[in-house]
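Take a look at the structure set out below.
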Amino acid sequence: MTQPYDVAVVGEIYVDHVFSGFPTWPAPGEEVVTDAYTREMGGGAAATACGLAKLGRRVALVGLVGADDVSWFRERLAAYGVAADGLIVGDGATGTTISVSTAQDRSFFTHIGVNRQVAALAAGDGLATLRRARHVHFAMPLPRSVADAVLPVLAAAGISTSLDMGFQPAWLADPLNAPTLAAVDHLMPNEKEAELICGSPDPSVYLAHARRAGLRHPMLKLGARGAAALVGNTLVRVAPPKVAAVDATGAGDAFDAGFIDALLDDGDATARLRRGCLTGALSTRAPGALAALPDPHELRSFHDRTY
Ligand SMILES: Nc1ncnc2c1ncn2[C@@H]1O[C@H](COP(=O)(O)OP(=O)(O)OP(=O)(O)O)[C@@H](O)[C@H]1O
Ligand SMILES: [Mg+2]
């Protein structure tokens, strides 16, 4: 199949204001100060798209931003080599996130803005871009109506799919969405999302549940402990390389990029988890989601010294 893009990534796009390096959390009414601040593209869709482009893939990002910010986004995407044909100016403000982290933890304050229109975009004007890729990654909670309209079209065209819905308790609790988890080729939850799906914090309970629920390739991300998958009856576990993590914002989205990159190389479950763990871990070396994404050279050198 000759397609202009290796991957189309569709989902929420944000301006990320990342504050890191605080020694403690302030009590209500107190102030803490840091020198570590960056303003960068954020949102799972942008981070995964940039991660894949940095690895050398031809990537299109499908999503919405506000009119005030579209030039800045086009410039930033071009700097990462991500095609912006699918970037649409929505009616309203760009999604905005304030991310605040200490070495141990992080919290987010978010305005969703024009990202509210992304589901309609995926099933409408954005679908033409999705159909021009070998693989489509959904970085969003996919509404049932959109899943029903879009997934069969992609499957019929031989386009593989993955879904990272993010931490979405209401979406995951809605039984209407259960068929969507099994309708995508690769569902990519983290530990907390897996617990919402199966009711247990135990990764092996989740993987067995995912198998029973008909998921095609049960896997989950395990933060600093790496990731796991179920292949046949065998539990595959992969640990990340040792890195000096300073900010885990976007680590899961970077993981998704590595995982999909290996998938496009026909990598097996172990290869997918390893490349996901490499990109996820390496992305934590700098503040923000994008600054420390690895290129293929760095990926190979960490791969060879880790696995
Ligand atoms: N502190 C860390 N040290 C090393 N690797 C890490 C660390 N945190 C995350 N990673 C790597 O990143 C991957 C994804 O992280 P995680 O499980 O936290 O995803 P996530 O919760 O979806 O992240 P996000 O909050 O960005 O959505 C892990 O599998 C691991 O390889
Ligand atoms: Mg995540």
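Just so we're on the same page: first chain in the structure tokens is A, next is B, and so on; residues restart at 1 for each chain, and ligands are numbered from 1 in the order they show up.
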
How would you report the residues lying within 10 Å of ligand 2, as a PyMOL selection string, if you count only C-alpha atoms and all ligand atoms?
chain A and resi 43-44+139+164-167+188-193+221+223+249-256

Quick one: everything within 10 Å of Ala79 (chain A), counting only C-alpha atoms, minus sequence neighbours fewer than 6 positions away in the same chain. Send it as an MDAnalysis selection string.
chainID A and resid 50 54 73

Exercise: Phe19 (chain A) partners within 8 Å, only C-alpha atoms, chain neighbours under 2 positions left out, as number ranges by chain
A: 17, 21, 34, 36-38, 98-101, 287

Any chance you can output those residues with N, CA, C and O atoms as a compact mmCIF listing (two decimals), in the first residue's frame?
```txt
# COMPACT_ATOMS: atom_id res chain seq x y z
N HIS A 17 1.94 24.92 28.99
CA HIS A 17 2.84 25.73 29.82
C HIS A 17 3.37 24.80 30.91
O HIS A 17 2.61 24.36 31.77
N GLY A 21 10.42 21.31 38.45
CA GLY A 21 11.53 21.53 39.38
C GLY A 21 11.15 22.11 40.72
O GLY A 21 12.02 22.58 41.46
N THR A 34 9.92 28.71 40.36
CA THR A 34 10.89 27.88 39.64
C THR A 34 11.50 28.66 38.48
O THR A 34 10.85 29.55 37.93
N ALA A 36 12.48 26.80 35.92
CA ALA A 36 12.27 25.85 34.82
C ALA A 36 10.87 26.01 34.24
O ALA A 36 9.88 25.54 34.81
N TYR A 37 10.79 26.71 33.11
CA TYR A 37 9.50 26.94 32.45
C TYR A 37 9.68 26.83 30.94
O TYR A 37 10.65 27.35 30.39
N THR A 38 8.78 26.12 30.28
CA THR A 38 8.76 26.12 28.81
C THR A 38 7.32 26.25 28.31
O THR A 38 6.38 25.84 28.98
N ILE A 98 -1.79 23.99 31.84
CA ILE A 98 -0.71 24.36 32.75
C ILE A 98 -0.28 23.07 33.44
O ILE A 98 -1.09 22.42 34.09
N SER A 99 0.98 22.68 33.26
CA SER A 99 1.51 21.46 33.89
C SER A 99 2.50 21.87 34.97
O SER A 99 3.42 22.65 34.71
N VAL A 100 2.30 21.35 36.17
CA VAL A 100 3.16 21.71 37.30
C VAL A 100 3.73 20.44 37.90
O VAL A 100 2.97 19.52 38.24
N SER A 101 5.05 20.35 38.01
CA SER A 101 5.61 19.10 38.52
C SER A 101 6.73 19.32 39.53
O SER A 101 7.49 20.28 39.45
N PRO A 287 12.26 19.05 30.54
CA PRO A 287 10.89 19.54 30.79
C PRO A 287 10.06 19.57 29.51
O PRO A 287 10.61 19.79 28.43
```

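Closest to Leu220 (chain A) among A:Pro179, A:Gly126, A:Pro169, A:Gly276 is A:Gly276, based on only C-alpha atoms.
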
Looking at only C-alpha atoms and all ligand atoms, which of A:Ala289, A:Ala281, A:Leu264, A:Ile88 is the one that sits closest to ligand 1?
A:Ala281

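For the pair CA of Lys242 (chain A) and CA of Leu222 (chain A), the separation is 14.6 Å.
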
Give me, as an mmCIF file with N, CA and C atoms, in the first residue's frame, all polymer residues having an atom no more than 10 Å from Pro141 (chain A), counting only C-alpha atoms and skipping those fewer than 5 positions away in the same chain.
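File written: out_30.cif
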```
data_model
loop_
_atom_site.group_PDB
_atom_site.id
_atom_site.type_symbol
_atom_site.label_atom_id
_atom_site.label_comp_id
_atom_site.auth_asym_id
_atom_site.auth_seq_id
_atom_site.Cartn_x
_atom_site.Cartn_y
_atom_site.Cartn_z
ATOM 1 N N GLY A 11 -6.376 14.017 17.363
ATOM 2 C CA GLY A 11 -6.725 14.174 18.769
ATOM 3 C C GLY A 11 -6.539 15.596 19.232
ATOM 4 N N GLU A 12 -6.419 15.710 20.562
ATOM 5 C CA GLU A 12 -6.412 17.029 21.162
ATOM 6 C C GLU A 12 -5.036 17.676 21.060
ATOM 7 N N ALA A 119 -13.830 15.397 17.644
ATOM 8 C CA ALA A 119 -14.522 14.164 17.257
ATOM 9 C C ALA A 119 -15.264 14.368 15.942
ATOM 10 N N ALA A 147 -16.407 6.230 16.266
ATOM 11 C CA ALA A 147 -15.787 4.908 16.100
ATOM 12 C C ALA A 147 -16.548 4.098 15.054
ATOM 13 N N LEU A 163 -5.343 3.414 19.826
ATOM 14 C CA LEU A 163 -6.125 4.373 20.609
ATOM 15 C C LEU A 163 -5.475 4.590 21.970
ATOM 16 N N ASP A 164 -5.167 5.844 22.289
ATOM 17 C CA ASP A 164 -4.777 6.245 23.638
ATOM 18 C C ASP A 164 -5.765 7.317 24.058
ATOM 19 N N MET A 165 -6.808 6.895 24.809
ATOM 20 C CA MET A 165 -7.886 7.844 25.127
ATOM 21 C C MET A 165 -7.502 8.776 26.259
ATOM 22 N N GLY A 166 -6.384 8.453 26.987
ATOM 23 C CA GLY A 166 -6.026 9.265 28.133
ATOM 24 C C GLY A 166 -6.904 8.926 29.327
ATOM 25 N N PHE A 167 -6.711 9.679 30.422
ATOM 26 C CA PHE A 167 -7.453 9.383 31.660
ATOM 27 C C PHE A 167 -8.859 9.949 31.544
ATOM 28 N N GLN A 168 -9.808 9.091 31.198
ATOM 29 C CA GLN A 168 -11.182 9.499 30.889
ATOM 30 C C GLN A 168 -12.165 8.586 31.629
ATOM 31 N N ALA A 170 -15.215 8.861 32.784
ATOM 32 C CA ALA A 170 -16.608 8.780 32.326
ATOM 33 C C ALA A 170 -16.689 7.993 31.012
ATOM 34 N N TRP A 171 -15.753 8.251 30.115
ATOM 35 C CA TRP A 171 -15.738 7.544 28.827
ATOM 36 C C TRP A 171 -15.510 6.047 29.056
ATOM 37 N N LEU A 172 -14.574 5.725 29.959
ATOM 38 C CA LEU A 172 -14.262 4.314 30.193
ATOM 39 C C LEU A 172 -15.383 3.593 30.930
ATOM 40 N N ASN A 177 -18.893 2.404 25.069
ATOM 41 C CA ASN A 177 -17.552 2.484 24.509
ATOM 42 C C ASN A 177 -16.784 1.166 24.562
ATOM 43 N N THR A 180 -15.530 -0.243 21.355
ATOM 44 C CA THR A 180 -14.448 0.527 20.724
ATOM 45 C C THR A 180 -13.081 -0.005 21.157
#
```

Report as a ChimeraX atom specification all protein, DNA and RNA residues lying within 12 Å of Asp265 (chain A), evaluated on only C-alpha atoms, omitting residues in the same chain fewer than 4 positions from it.
/A:6,57,134-135,258-261,269,271-272,275

File dump, residues just selected, C-alpha atoms, as a short mmCIF file (atom, residue, chain, number, x, y, z; two decimals), in the first residue's frame:
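Below you can see again.cif, which holds the result:
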```cif
data_model
loop_
_atom_site.label_atom_id
_atom_site.label_comp_id
_atom_site.auth_asym_id
_atom_site.auth_seq_id
_atom_site.Cartn_x
_atom_site.Cartn_y
_atom_site.Cartn_z
CA ASP A 6 3.11 6.56 7.57
CA ARG A 57 8.19 8.81 9.98
CA ARG A 134 -0.66 3.42 6.80
CA HIS A 135 -1.61 3.73 10.47
CA GLY A 258 7.97 4.39 19.75
CA PHE A 259 5.41 1.59 19.93
CA ILE A 260 3.81 2.64 16.62
CA ASP A 261 7.23 3.11 15.00
CA ALA A 269 5.17 -7.35 21.02
CA ALA A 271 10.01 -4.98 20.02
CA ARG A 272 6.99 -2.68 20.32
CA ARG A 275 10.79 0.90 21.54
#
```
